[in-house]
Amino acid sequence: MGGTGTATSMVSTTPSAAFALLTDIDRLPEWNKVIVKVVEVPEELRPGAEWVVRLRAIGNSWASRSTVQEYDPHRGVFSYRSCTDDGNPSYALWRWALEPAEDGTRVTVGWDLHPETFWRRALLVRIRSRQLRREVPASIDSLARLLRPAAV
């Protein structure tokens with residue numbers, strides 16, 4: 001009933017540099033075009049920490065609250081649960097994995113949508129799943145551009 005997917009791409013930097021940018025909550029809007037504003041930032045990223053961003057997709061804007069499930073810079077794993085900040089029980093699970101590769105870092109993002117209400121199950125999950133298949137690779141590409149060394 002939900003929507004799942006993965007996207008993988010290469011970035012030309014170290015896993016630690018990629019992980020640092022990926023987990024810098026204040027900088028999320030720089031590389032994720034769906035995030036229009038960071039509303040709340042945790043003092044420290046650790047399991048259980050939460051942050052809130054304002055998203056724009058499907059012609060709407062809403063607050064999304066995310067809760068860290070796993071934060072492991074040594075293994076390059078960052079996962080969290082996100083949901084609208086309006087009490088709707090629907091949610092998404094996100095998992096980022098960064099692995100050293102010959103030309104930099106292999107970034108793999110996985111998502112698993114859990115629509116819990118009628119309209120989200122019947123319609124919105126299909127629309128959002130199609131959008132994510134384009135948006136997530138574009139976000140990784142934007143992240144990669146920010147991580148490229150500046151030309152001298």
# chains A, B, ... in the order shown; residues from 1 in each chain; ligands from 1
call {"tool": "residues_around", "arguments": {"residues": "Trp111 in chain A", "least_positions_apart": "6", "cutoff": "8 Å", "atoms": "only C-alpha atoms", "output": "ChimeraX atom specification"}}
result
/A:3-6,92-95
call {"tool": "closest_atom_pairs", "arguments": {"of": "range 73-136 of chain A", "to": "range 10-13 of chain A", "cutoff": "6 Å", "atoms": "only C-alpha atoms", "output": "JSON lines"}}
result
{"residue": "A:Gly104", "atom": "CA", "partner": "A:Ser12", "partner_atom": "CA", "distance": 4.5}
{"residue": "A:Thr105", "atom": "CA", "partner": "A:Val11", "partner_atom": "CA", "distance": 5.3}
{"residue": "A:Arg106", "atom": "CA", "partner": "A:Met10", "partner_atom": "CA", "distance": 4.6}
{"residue": "A:Val107", "atom": "CA", "partner": "A:Met10", "partner_atom": "CA", "distance": 6.0}
call {"tool": "residues_around", "arguments": {"residues": "Val41 in chain A", "least_positions_apart": "3", "cutoff": "12 Å", "atoms": "only C-alpha atoms", "output": "list in words"}}
result
Thr23, Asp24, Ile25, Asp26, Arg27, Leu28, Lys37, Val38, Glu44, Leu45, Ala49, Glu50, Trp51, Val52, Val53, Arg65, Ser66, Thr67 and Val68 of chain A
call {"tool": "select_by_dssp", "arguments": {"residues": "range 3-146 of chain A", "states": "alpha helix (DSSP H)", "output": "JSON, numbers by chain"}}
result
{"A": [15, 16, 17, 18, 19, 20, 21, 22, 28, 29, 30, 31, 118, 119, 125, 126, 127, 128, 129, 130, 131, 132, 133, 134, 135, 136, 137, 138, 139, 140, 141, 142, 143, 144, 145, 146]}
call {"tool": "write_last_selection", "arguments": {"atoms": "N, CA and C atoms", "output": "compact mmCIF listing (two decimals), in the first residue's frame"}}
result
# COMPACT_ATOMS: atom_id res chain seq x y z
N PRO A 15 33.43 10.14 2.41
CA PRO A 15 32.19 9.86 3.12
C PRO A 15 31.97 10.80 4.32
N SER A 16 33.05 11.15 5.03
CA SER A 16 32.88 12.02 6.20
C SER A 16 32.42 13.42 5.80
N ALA A 17 32.94 13.96 4.69
CA ALA A 17 32.50 15.29 4.21
C ALA A 17 31.05 15.23 3.74
N ALA A 18 30.69 14.17 3.04
CA ALA A 18 29.31 14.02 2.57
C ALA A 18 28.35 13.87 3.75
N PHE A 19 28.75 13.08 4.74
CA PHE A 19 27.92 12.86 5.92
C PHE A 19 27.72 14.17 6.69
N ALA A 20 28.78 14.96 6.81
CA ALA A 20 28.70 16.23 7.54
C ALA A 20 27.69 17.18 6.88
N LEU A 21 27.70 17.27 5.56
CA LEU A 21 26.75 18.15 4.87
C LEU A 21 25.33 17.58 4.95
N LEU A 22 25.20 16.29 4.72
CA LEU A 22 23.91 15.63 4.75
C LEU A 22 23.20 15.83 6.09
N LEU A 28 19.89 21.97 4.88
CA LEU A 28 19.03 21.12 4.05
C LEU A 28 18.42 21.86 2.86
N PRO A 29 17.92 23.10 3.02
CA PRO A 29 17.32 23.77 1.85
C PRO A 29 18.32 24.08 0.73
N GLU A 30 19.62 24.04 1.03
CA GLU A 30 20.62 24.32 -0.01
C GLU A 30 20.67 23.23 -1.06
N TRP A 31 20.34 22.00 -0.69
CA TRP A 31 20.46 20.90 -1.66
C TRP A 31 19.17 20.11 -1.85
N PHE A 118 -7.15 7.37 4.59
CA PHE A 118 -7.77 6.95 3.34
C PHE A 118 -7.18 7.67 2.12
N TRP A 119 -7.21 9.02 2.11
CA TRP A 119 -6.76 9.75 0.92
C TRP A 119 -5.27 9.58 0.67
N VAL A 125 -0.18 8.74 -2.00
CA VAL A 125 1.04 7.94 -1.98
C VAL A 125 1.53 7.66 -3.40
N ARG A 126 0.62 7.46 -4.33
CA ARG A 126 1.03 7.21 -5.72
C ARG A 126 1.67 8.44 -6.34
N ILE A 127 1.05 9.59 -6.12
CA ILE A 127 1.60 10.84 -6.66
C ILE A 127 2.96 11.13 -6.04
N ARG A 128 3.02 11.03 -4.71
CA ARG A 128 4.28 11.35 -4.02
C ARG A 128 5.39 10.36 -4.38
N SER A 129 5.06 9.10 -4.56
CA SER A 129 6.07 8.10 -4.94
C SER A 129 6.69 8.44 -6.28
N ARG A 130 5.86 8.83 -7.26
CA ARG A 130 6.39 9.23 -8.56
C ARG A 130 7.29 10.45 -8.45
N GLN A 131 6.88 11.41 -7.64
CA GLN A 131 7.70 12.62 -7.47
C GLN A 131 9.04 12.27 -6.82
N LEU A 132 9.03 11.42 -5.82
CA LEU A 132 10.27 11.08 -5.12
C LEU A 132 11.28 10.40 -6.04
N ARG A 133 10.81 9.65 -7.01
CA ARG A 133 11.73 8.99 -7.94
C ARG A 133 12.53 10.01 -8.76
N ARG A 134 12.00 11.21 -8.91
CA ARG A 134 12.74 12.31 -9.57
C ARG A 134 13.46 13.18 -8.55
N GLU A 135 12.77 13.52 -7.46
CA GLU A 135 13.30 14.46 -6.48
C GLU A 135 14.54 13.94 -5.75
N VAL A 136 14.54 12.68 -5.36
CA VAL A 136 15.66 12.16 -4.57
C VAL A 136 16.95 12.16 -5.38
N PRO A 137 16.98 11.64 -6.62
CA PRO A 137 18.22 11.73 -7.40
C PRO A 137 18.66 13.19 -7.61
N ALA A 138 17.70 14.09 -7.81
CA ALA A 138 18.04 15.51 -7.98
C ALA A 138 18.65 16.08 -6.71
N SER A 139 18.17 15.66 -5.56
CA SER A 139 18.74 16.11 -4.29
C SER A 139 20.17 15.60 -4.11
N ILE A 140 20.40 14.35 -4.47
CA ILE A 140 21.77 13.81 -4.37
C ILE A 140 22.69 14.59 -5.31
N ASP A 141 22.22 14.90 -6.51
CA ASP A 141 23.03 15.68 -7.46
C ASP A 141 23.34 17.07 -6.89
N SER A 142 22.36 17.71 -6.25
CA SER A 142 22.59 19.02 -5.64
C SER A 142 23.59 18.92 -4.49
N LEU A 143 23.47 17.87 -3.70
CA LEU A 143 24.42 17.62 -2.62
C LEU A 143 25.83 17.47 -3.20
N ALA A 144 25.94 16.72 -4.29
CA ALA A 144 27.24 16.50 -4.95
C ALA A 144 27.83 17.82 -5.44
N ARG A 145 26.99 18.69 -6.01
CA ARG A 145 27.49 19.98 -6.49
C ARG A 145 28.05 20.82 -5.34
N LEU A 146 27.38 20.80 -4.20
CA LEU A 146 27.88 21.56 -3.04
C LEU A 146 29.19 20.98 -2.50
call {"tool": "closest_residue", "arguments": {"among": "A:His114, A:Arg54, A:Arg148, A:Arg46", "to": "Pro73 in chain A", "atoms": "only C-alpha atoms"}}
result
A:Arg46
call {"tool": "atom_distance", "arguments": {"atom1": "CA of Ala57 in chain A", "atom2": "CA of Val77 in chain A"}}
result
26.0 Å
call {"tool": "atom_distance", "arguments": {"atom1": "CA of Leu98 in chain A", "atom2": "CA of Gln69 in chain A"}}
result
16.1 Å
call {"tool": "select_by_dssp", "arguments": {"residues": "range 10-122 of chain A", "states": "strand (DSSP E)", "output": "ChimeraX atom specification"}}
result
/A:10-11,35-40,50-57,60-72,77-84,91-101,104-114
